[in-house]
Amino acid sequence: MRDSRRWNRGRGQDQPPAGSGADICVVSPDATLGIRQFVADGDVRWEQRKYEKGDLDGAFIAIAATNVREVNRRIFEEAEERGVMLNAVDDPPNCSFIAPSIVQRGPVTVAISTGGVSPALARKLRESLQTSDALAWADLSSVMAVARSHLREAGLLSTIDPQRWQCCITPELLAMVQDGQQTEATEKLLAGLTGDDGRGLCQDISQCHDGGCQLARAGERS
Ligand SMILES: C[C@@]1(CC(=O)O)C2=NC(=C\c3[nH]c(c(CCC(=O)O)c3CC(=O)O)Cc3[nH]c(c(CC(=O)O)c3CCC(=O)O)/C=C3\N/C(=C\2)[C@@H](CCC(=O)O)[C@]3(C)CC(=O)O)/[C@H]1CCC(=O)O
Ligand SMILES: NC(=O)c1ccc[n+]([C@@H]2O[C@H](COP(=O)([O-])OP(=O)(O)OC[C@H]3O[C@@H](n4cnc5c(N)ncnc54)[C@H](O)[C@@H]3O)[C@@H](O)[C@H]2O)c1
C-alpha cells in the first residue's frame, strides 16, 4: 500500500485516502505513522503481515506498493487473474491503471495524466491549474446545481438548449457568486435559461455560438 507521504503528495493536502466510503485494507508487516493514524481513526483496516495470494479476493481496486518489485509483480498477477484493477506505484508495466494528479474545487475534480510519460509534468500542470482562472468556474457549482434541480422539478430541464447553458455561464455570473450573491445569481441564471429576462439573451439559439450572444451584449453596452 502506498505510504501517507504519497497519498498526501498526490492530493497536495493532508487528506486521508478514505472519505469515499471505501473499505480500505492495508496488508503490510509495518506501517507509517500516517497509516497508523488512519487505522486509529477507523478509516483504514490494517492486516499486519506479508501479502499472500488470495488477498485480492473480493477487492475492487488494489495498490501494490511494497519495496519488493517481485512481490508487486505477484500481486499484479493475482489482480490480472481476478480482474481487479491494480496500480503498482512506480512500475507502469505492472499497472492496469495509472494514478492521475488531482485538482479539486468544491464538487469539481480535474484529473491530469501524462499517461506515465512524465509525473513531474503532471504535477506542473496540477500546480498551474490550481491557480488558473479556468478552475474558478467551479465556484458556480452550487448555483448550477440549484438551478438544475429547480428546472428538473418544473419539468423544464430537457427543454433547455445545451448552448444556452454555455451562454448563461458568464464571467458576470461568476463575479456575482464570488461576491456572495448566490440567490441573485441563481435567479439570473434561471431567467437567462428560460428566456424570461427580457433582454433578448439567446432569443435565437441558432445564432448563439462560441459566446456570440455575449459578444452581442458587449456590443450593445458600448
Ligand atoms: C501524478 C502522481 C500521482 C500520485 O503519485 O498519486 C504520480 N506521480 C507523482 C509525482 C512524481 N512521481 C515521481 C516524481 C519525480 C519526477 C519524475 O520522475 O517525473 C514525481 C514528481 C514530484 O514528486 O514532484 C517519480 C516516478 N513516478 C513514476 C516513476 C516510474 C516510471 O516513470 O517508470 C517515477 C520514477 C521513480 C524513480 O525511479 O525514481 C511513475 C508514476 N507516477 C505516477 C503518478 C504515475 C504516472 C502519472 C503520469 O505520468 O500521468 C505512475 C506511472 C505510477 C502510478 O500510476 O501511480 C504524482 C503527482 C503529484 C502531484 O500532483 O504533485
Ligand atoms: N511513483 C511514486 O510516486 C512513488 C513514490 C514513493 C514510492 N514509490 C515506490 O513505492 C515502493 C515503496 O516505497 P516506500 O517508500 O513506501 O517504501 P517503504 O520501504 O517505506 O515501504 C514498503 C513497505 O512494504 C512492506 N512490505 C515489504 N514486503 C512486503 C510483503 N511481502 N507484503 C506486504 N508488505 C510488504 C514493508 O514492510 C514496508 O512497510 C517503492 O517501489 C518506491 O520506489 C513510488
# chains A, B, ... in the order shown; residues from 1 in each chain; ligands from 1
call {"tool": "select_by_dssp", "arguments": {"residues": "segment 35-71 of chain A", "states": "alpha helix (DSSP H)", "output": "mmCIF file with all heavy atoms, in the first residue's frame"}}
result
data_model
loop_
_atom_site.group_PDB
_atom_site.id
_atom_site.type_symbol
_atom_site.label_atom_id
_atom_site.label_comp_id
_atom_site.auth_asym_id
_atom_site.auth_seq_id
_atom_site.Cartn_x
_atom_site.Cartn_y
_atom_site.Cartn_z
ATOM 1 N N ILE A 35 -0.348 6.038 8.224
ATOM 2 C CA ILE A 35 -1.288 4.914 8.078
ATOM 3 C C ILE A 35 -1.842 4.514 9.439
ATOM 4 O O ILE A 35 -3.048 4.265 9.584
ATOM 5 C CB ILE A 35 -0.605 3.720 7.375
ATOM 6 C CG1 ILE A 35 -0.366 4.078 5.899
ATOM 7 C CG2 ILE A 35 -1.469 2.452 7.490
ATOM 8 C CD1 ILE A 35 0.382 3.029 5.111
ATOM 9 N N ARG A 36 -0.980 4.503 10.454
ATOM 10 C CA ARG A 36 -1.454 4.135 11.806
ATOM 11 C C ARG A 36 -2.546 5.105 12.268
ATOM 12 O O ARG A 36 -3.490 4.729 12.945
ATOM 13 C CB ARG A 36 -0.289 4.132 12.800
ATOM 14 C CG ARG A 36 0.615 2.919 12.631
ATOM 15 C CD ARG A 36 1.932 3.094 13.378
ATOM 16 N NE ARG A 36 2.914 2.127 12.911
ATOM 17 C CZ ARG A 36 3.210 0.988 13.523
ATOM 18 N NH1 ARG A 36 2.598 0.668 14.648
ATOM 19 N NH2 ARG A 36 4.104 0.166 13.027
ATOM 20 N N GLN A 37 -2.394 6.373 11.882
ATOM 21 C CA GLN A 37 -3.412 7.357 12.268
ATOM 22 C C GLN A 37 -4.744 7.061 11.559
ATOM 23 O O GLN A 37 -5.804 7.120 12.170
ATOM 24 C CB GLN A 37 -2.919 8.775 11.914
ATOM 25 C CG GLN A 37 -3.803 9.881 12.469
ATOM 26 C CD GLN A 37 -3.947 9.829 14.000
ATOM 27 O OE1 GLN A 37 -2.941 9.798 14.718
ATOM 28 N NE2 GLN A 37 -5.187 9.761 14.499
ATOM 29 N N PHE A 38 -4.652 6.707 10.260
ATOM 30 C CA PHE A 38 -5.885 6.366 9.528
ATOM 31 C C PHE A 38 -6.558 5.155 10.186
ATOM 32 O O PHE A 38 -7.785 5.086 10.291
ATOM 33 C CB PHE A 38 -5.595 6.028 8.062
ATOM 34 C CG PHE A 38 -5.024 7.164 7.250
ATOM 35 C CD1 PHE A 38 -4.067 6.919 6.274
ATOM 36 C CD2 PHE A 38 -5.434 8.466 7.447
ATOM 37 C CE1 PHE A 38 -3.543 7.955 5.510
ATOM 38 C CE2 PHE A 38 -4.914 9.512 6.696
ATOM 39 C CZ PHE A 38 -3.957 9.252 5.720
ATOM 40 N N VAL A 39 -5.726 4.197 10.639
ATOM 41 C CA VAL A 39 -6.269 2.999 11.294
ATOM 42 C C VAL A 39 -6.950 3.417 12.607
ATOM 43 O O VAL A 39 -8.086 3.015 12.885
ATOM 44 C CB VAL A 39 -5.148 1.958 11.553
ATOM 45 C CG1 VAL A 39 -5.673 0.782 12.369
ATOM 46 C CG2 VAL A 39 -4.558 1.473 10.225
ATOM 47 N N ALA A 40 -6.250 4.266 13.371
ATOM 48 C CA ALA A 40 -6.805 4.713 14.660
ATOM 49 C C ALA A 40 -8.121 5.465 14.452
ATOM 50 O O ALA A 40 -9.047 5.369 15.261
ATOM 51 C CB ALA A 40 -5.794 5.612 15.379
ATOM 52 N N ARG A 69 10.028 -5.490 -5.681
ATOM 53 C CA ARG A 69 9.419 -5.490 -7.020
ATOM 54 C C ARG A 69 8.778 -6.847 -7.363
ATOM 55 O O ARG A 69 7.704 -6.910 -7.964
ATOM 56 C CB ARG A 69 10.501 -5.148 -8.063
ATOM 57 C CG ARG A 69 9.919 -4.499 -9.300
ATOM 58 C CD ARG A 69 10.926 -3.571 -9.947
ATOM 59 N NE ARG A 69 10.666 -2.212 -9.542
ATOM 60 C CZ ARG A 69 10.233 -1.250 -10.372
ATOM 61 N NH1 ARG A 69 10.048 -1.502 -11.634
ATOM 62 N NH2 ARG A 69 9.998 -0.036 -9.936
ATOM 63 N N GLU A 70 9.441 -7.926 -6.924
ATOM 64 C CA GLU A 70 8.933 -9.268 -7.218
ATOM 65 C C GLU A 70 7.562 -9.481 -6.540
ATOM 66 O O GLU A 70 6.666 -10.098 -7.112
ATOM 67 C CB GLU A 70 9.980 -10.302 -6.745
ATOM 68 C CG GLU A 70 9.549 -11.758 -6.756
ATOM 69 C CD GLU A 70 9.066 -12.244 -8.131
ATOM 70 O OE1 GLU A 70 9.367 -11.612 -9.156
ATOM 71 O OE2 GLU A 70 8.337 -13.275 -8.144
ATOM 72 N N VAL A 71 7.424 -8.970 -5.320
ATOM 73 C CA VAL A 71 6.126 -9.099 -4.622
ATOM 74 C C VAL A 71 5.071 -8.293 -5.379
ATOM 75 O O VAL A 71 3.953 -8.775 -5.625
ATOM 76 C CB VAL A 71 6.240 -8.612 -3.151
ATOM 77 C CG1 VAL A 71 4.865 -8.611 -2.479
ATOM 78 C CG2 VAL A 71 7.213 -9.481 -2.362
#
call {"tool": "residues_around", "arguments": {"residues": "Ser141 of chain A", "least_positions_apart": "6", "cutoff": "9 Å", "atoms": "only C-alpha atoms", "output": "list in words"}}
result
Gly106, Pro107 and Val108 of chain A
call {"tool": "residues_around", "arguments": {"residues": "Asp90 of chain A", "least_positions_apart": "6", "cutoff": "12 Å", "atoms": "only C-alpha atoms", "output": "PyMOL selection string"}}
result
chain A and resi 2+6+63-69+72-73+97-99+116-119
call {"tool": "write_last_selection", "arguments": {"atoms": "all heavy atoms", "output": "short mmCIF file (atom, residue, chain, number, x, y, z; two decimals), in the first residue's frame"}}
result
data_model
loop_
_atom_site.label_atom_id
_atom_site.label_comp_id
_atom_site.auth_asym_id
_atom_site.auth_seq_id
_atom_site.Cartn_x
_atom_site.Cartn_y
_atom_site.Cartn_z
N ARG A 2 0.45 2.26 -0.71
CA ARG A 2 1.22 3.49 -0.74
C ARG A 2 1.35 4.09 0.65
O ARG A 2 0.45 3.97 1.45
CB ARG A 2 0.48 4.56 -1.54
CG ARG A 2 0.46 4.34 -2.96
CD ARG A 2 -0.35 5.47 -3.47
NE ARG A 2 -1.26 4.95 -4.44
CZ ARG A 2 -1.65 5.64 -5.48
NH1 ARG A 2 -1.21 6.85 -5.67
NH2 ARG A 2 -2.46 5.13 -6.33
N ARG A 6 2.91 9.67 0.00
CA ARG A 6 2.49 9.67 -1.39
C ARG A 6 1.01 10.05 -1.51
O ARG A 6 0.63 10.75 -2.42
CB ARG A 6 2.76 8.30 -2.00
CG ARG A 6 2.56 8.32 -3.50
CD ARG A 6 3.43 7.31 -4.17
NE ARG A 6 3.28 7.44 -5.59
CZ ARG A 6 2.36 6.78 -6.28
NH1 ARG A 6 1.53 5.98 -5.66
NH2 ARG A 6 2.27 6.94 -7.56
N ILE A 63 -3.59 -1.44 -4.70
CA ILE A 63 -2.33 -0.74 -4.96
C ILE A 63 -1.20 -1.59 -4.39
O ILE A 63 -1.22 -1.93 -3.21
CB ILE A 63 -2.34 0.67 -4.32
CG1 ILE A 63 -3.45 1.51 -4.98
CG2 ILE A 63 -0.98 1.34 -4.48
CD1 ILE A 63 -3.76 2.79 -4.29
N ALA A 64 -0.25 -1.96 -5.25
CA ALA A 64 0.91 -2.74 -4.80
C ALA A 64 2.05 -1.76 -4.58
O ALA A 64 2.59 -1.21 -5.54
CB ALA A 64 1.28 -3.78 -5.85
N ALA A 65 2.40 -1.51 -3.32
CA ALA A 65 3.43 -0.51 -3.03
C ALA A 65 4.46 -1.06 -2.06
O ALA A 65 4.99 -0.33 -1.23
CB ALA A 65 2.78 0.75 -2.47
N THR A 66 4.75 -2.38 -2.15
CA THR A 66 5.83 -2.89 -1.31
C THR A 66 7.14 -2.42 -1.95
O THR A 66 7.16 -1.99 -3.11
CB THR A 66 5.82 -4.43 -1.22
OG1 THR A 66 6.40 -4.96 -2.41
CG2 THR A 66 4.42 -4.99 -1.04
N ASN A 67 8.21 -2.50 -1.19
CA ASN A 67 9.51 -2.11 -1.74
C ASN A 67 10.21 -3.30 -2.39
O ASN A 67 11.41 -3.28 -2.63
CB ASN A 67 10.39 -1.49 -0.63
CG ASN A 67 10.44 -2.38 0.61
OD1 ASN A 67 9.68 -3.35 0.70
ND2 ASN A 67 11.31 -2.07 1.54
N VAL A 68 9.42 -4.39 -2.65
CA VAL A 68 10.00 -5.58 -3.28
C VAL A 68 9.30 -5.78 -4.63
O VAL A 68 8.11 -6.13 -4.68
CB VAL A 68 9.81 -6.84 -2.40
CG1 VAL A 68 10.56 -8.04 -2.99
CG2 VAL A 68 10.26 -6.58 -0.97
N ARG A 69 10.03 -5.49 -5.68
CA ARG A 69 9.42 -5.49 -7.02
C ARG A 69 8.78 -6.85 -7.36
O ARG A 69 7.70 -6.91 -7.96
CB ARG A 69 10.50 -5.15 -8.06
CG ARG A 69 9.92 -4.50 -9.30
CD ARG A 69 10.93 -3.57 -9.95
NE ARG A 69 10.67 -2.21 -9.54
CZ ARG A 69 10.23 -1.25 -10.37
NH1 ARG A 69 10.05 -1.50 -11.63
NH2 ARG A 69 10.00 -0.04 -9.94
N ASN A 72 5.44 -7.08 -5.79
CA ASN A 72 4.48 -6.26 -6.55
C ASN A 72 4.05 -6.98 -7.83
O ASN A 72 2.89 -6.92 -8.23
CB ASN A 72 5.09 -4.89 -6.89
CG ASN A 72 5.30 -4.03 -5.65
OD1 ASN A 72 4.76 -4.33 -4.59
ND2 ASN A 72 6.09 -2.98 -5.79
N ARG A 73 5.00 -7.68 -8.45
CA ARG A 73 4.68 -8.41 -9.69
C ARG A 73 3.69 -9.54 -9.40
O ARG A 73 2.75 -9.77 -10.15
CB ARG A 73 5.97 -8.95 -10.34
CG ARG A 73 5.79 -9.41 -11.77
CD ARG A 73 7.00 -10.15 -12.29
NE ARG A 73 7.43 -11.26 -11.43
CZ ARG A 73 6.81 -12.42 -11.33
NH1 ARG A 73 5.74 -12.66 -12.06
NH2 ARG A 73 7.26 -13.36 -10.51
N PHE A 97 -3.93 0.43 -14.23
CA PHE A 97 -4.33 1.83 -14.40
C PHE A 97 -3.23 2.71 -13.82
O PHE A 97 -2.42 2.26 -13.01
CB PHE A 97 -5.67 2.14 -13.74
CG PHE A 97 -5.62 2.21 -12.23
CD1 PHE A 97 -5.43 3.42 -11.58
CD2 PHE A 97 -5.76 1.06 -11.46
CE1 PHE A 97 -5.37 3.47 -10.19
CE2 PHE A 97 -5.71 1.10 -10.08
CZ PHE A 97 -5.51 2.32 -9.45
N ILE A 98 -3.22 3.95 -14.26
CA ILE A 98 -2.19 4.91 -13.82
C ILE A 98 -2.86 5.95 -12.93
O ILE A 98 -3.95 6.42 -13.24
CB ILE A 98 -1.52 5.55 -15.06
CG1 ILE A 98 -0.55 4.56 -15.68
CG2 ILE A 98 -0.82 6.85 -14.71
CD1 ILE A 98 0.15 5.08 -16.91
N ALA A 99 -2.19 6.30 -11.82
CA ALA A 99 -2.78 7.28 -10.91
C ALA A 99 -2.58 8.69 -11.47
O ALA A 99 -1.46 9.07 -11.80
CB ALA A 99 -2.11 7.18 -9.53
N GLY A 116 1.89 8.37 -17.94
CA GLY A 116 3.14 7.79 -17.45
C GLY A 116 4.38 8.40 -18.07
O GLY A 116 5.50 8.07 -17.69
N VAL A 117 4.19 9.32 -19.00
CA VAL A 117 5.35 9.90 -19.69
C VAL A 117 6.19 10.77 -18.75
O VAL A 117 7.41 10.69 -18.74
CB VAL A 117 4.86 10.74 -20.91
CG1 VAL A 117 5.97 11.61 -21.47
CG2 VAL A 117 4.34 9.81 -21.99
N SER A 118 5.50 11.59 -17.92
CA SER A 118 6.25 12.47 -17.02
C SER A 118 5.41 12.89 -15.82
O SER A 118 4.64 13.86 -15.88
CB SER A 118 6.73 13.72 -17.77
OG SER A 118 7.23 14.66 -16.83
N PRO A 119 5.57 12.18 -14.67
CA PRO A 119 4.85 12.58 -13.46
C PRO A 119 5.18 14.02 -13.05
O PRO A 119 4.31 14.73 -12.54
CB PRO A 119 5.33 11.59 -12.40
CG PRO A 119 5.78 10.39 -13.18
CD PRO A 119 6.32 10.92 -14.47
#
call {"tool": "closest_residue", "arguments": {"among": "A:Met176, A:Cys168, A:Leu151, A:Ile102", "to": "ligand 1", "atoms": "only C-alpha atoms and all ligand atoms"}}
result
A:Ile102
call {"tool": "atom_distance", "arguments": {"atom1": "atom CA of Ser158 of chain A", "atom2": "atom CA of Thr170 of chain A"}}
result
21.1 Å
call {"tool": "atom_distance", "arguments": {"atom1": "atom CA of Thr114 of chain A", "atom2": "atom CA of Pro100 of chain A"}}
result
8.0 Å
call {"tool": "closest_residue", "arguments": {"among": "A:Lys50, A:Arg45, A:Lys124, A:Lys188", "to": "ligand 2", "atoms": "only C-alpha atoms and all ligand atoms"}}
result
A:Lys50
call {"tool": "closest_residue", "arguments": {"among": "A:Ala79, A:Ala88, A:Ala59, A:Ala22", "to": "ligand 2", "atoms": "only C-alpha atoms and all ligand atoms"}}
result
A:Ala88
call {"tool": "residues_around", "arguments": {"residues": "Pro162 of chain A", "least_positions_apart": "4", "cutoff": "10 Å", "atoms": "only C-alpha atoms", "output": "count of residues only"}}
result
5
call {"tool": "atom_distance", "arguments": {"atom1": "atom 14 (P, counted along the ligand's line) of ligand 2", "atom2": "atom CA of Ala120 of chain A"}}
result
18.1 Å
call {"tool": "select_by_dssp", "arguments": {"residues": "segment 13-220 of chain A", "states": "strand (DSSP E)", "output": "list in words"}}
result
Ile24, Cys25, Val26, Val27, Val44, Arg45, Trp46, Glu47, Ile61, Ala62, Ile63, Ala64, Met85, Leu86, Asn87, Ala88, Ser101, Ile102, Val103, Gln104, Arg105, Val108, Thr109, Val110, Ala111 and Ile112 of chain A
call {"tool": "write_last_selection", "arguments": {"atoms": "N, CA and C atoms", "output": "short mmCIF file (atom, residue, chain, number, x, y, z; two decimals), in the first residue's frame"}}
result
data_model
loop_
_atom_site.label_atom_id
_atom_site.label_comp_id
_atom_site.auth_asym_id
_atom_site.auth_seq_id
_atom_site.Cartn_x
_atom_site.Cartn_y
_atom_site.Cartn_z
N ILE A 24 -11.08 0.19 3.07
CA ILE A 24 -9.66 0.16 2.68
C ILE A 24 -8.88 -0.73 3.64
N CYS A 25 -8.12 -1.66 3.07
CA CYS A 25 -7.32 -2.58 3.89
C CYS A 25 -5.85 -2.49 3.48
N VAL A 26 -4.97 -2.29 4.45
CA VAL A 26 -3.53 -2.29 4.21
C VAL A 26 -2.98 -3.64 4.69
N VAL A 27 -2.24 -4.31 3.80
CA VAL A 27 -1.57 -5.55 4.20
C VAL A 27 -0.07 -5.27 4.20
N VAL A 44 -9.16 3.08 7.92
CA VAL A 44 -8.42 2.03 7.22
C VAL A 44 -8.27 0.83 8.16
N ARG A 45 -8.34 -0.40 7.60
CA ARG A 45 -8.01 -1.60 8.37
C ARG A 45 -6.59 -1.99 8.05
N TRP A 46 -5.90 -2.60 9.02
CA TRP A 46 -4.50 -2.99 8.78
C TRP A 46 -4.31 -4.45 9.16
N GLU A 47 -3.89 -5.28 8.18
CA GLU A 47 -3.53 -6.66 8.48
C GLU A 47 -2.01 -6.70 8.53
N ILE A 61 -10.34 -2.64 -6.19
CA ILE A 61 -9.17 -1.92 -6.71
C ILE A 61 -8.03 -2.16 -5.71
N ALA A 62 -6.79 -2.24 -6.20
CA ALA A 62 -5.67 -2.50 -5.29
C ALA A 62 -4.44 -1.71 -5.70
N ILE A 63 -3.59 -1.44 -4.70
CA ILE A 63 -2.33 -0.74 -4.96
C ILE A 63 -1.20 -1.59 -4.39
N ALA A 64 -0.25 -1.96 -5.25
CA ALA A 64 0.91 -2.74 -4.80
C ALA A 64 2.05 -1.76 -4.58
N MET A 85 -8.54 -4.11 -10.58
CA MET A 85 -7.72 -3.01 -11.10
C MET A 85 -6.54 -2.79 -10.15
N LEU A 86 -5.34 -2.73 -10.71
CA LEU A 86 -4.15 -2.60 -9.85
C LEU A 86 -3.22 -1.49 -10.31
N ASN A 87 -2.73 -0.73 -9.31
CA ASN A 87 -1.68 0.26 -9.56
C ASN A 87 -0.45 -0.18 -8.79
N ALA A 88 0.68 -0.32 -9.49
CA ALA A 88 1.94 -0.67 -8.83
C ALA A 88 2.82 0.58 -8.90
N SER A 101 -2.76 12.98 -11.34
CA SER A 101 -2.61 14.09 -10.42
C SER A 101 -4.00 14.75 -10.33
N ILE A 102 -4.37 15.17 -9.12
CA ILE A 102 -5.76 15.59 -8.89
C ILE A 102 -5.86 17.06 -8.46
N VAL A 103 -6.78 17.78 -9.05
CA VAL A 103 -7.13 19.13 -8.59
C VAL A 103 -8.61 19.12 -8.22
N GLN A 104 -8.93 19.65 -7.03
CA GLN A 104 -10.34 19.68 -6.63
C GLN A 104 -10.75 21.08 -6.22
N ARG A 105 -11.93 21.46 -6.58
CA ARG A 105 -12.53 22.72 -6.11
C ARG A 105 -14.02 22.44 -5.96
N VAL A 108 -16.02 19.74 -8.00
CA VAL A 108 -15.35 19.54 -9.29
C VAL A 108 -13.98 18.91 -9.08
N THR A 109 -13.71 17.86 -9.83
CA THR A 109 -12.40 17.21 -9.78
C THR A 109 -11.82 17.18 -11.19
N VAL A 110 -10.57 17.63 -11.30
CA VAL A 110 -9.87 17.53 -12.58
C VAL A 110 -8.72 16.55 -12.38
N ALA A 111 -8.68 15.52 -13.20
CA ALA A 111 -7.60 14.53 -13.11
C ALA A 111 -6.66 14.73 -14.30
N ILE A 112 -5.37 14.80 -13.99
CA ILE A 112 -4.38 15.03 -15.05
C ILE A 112 -3.49 13.81 -15.19
#
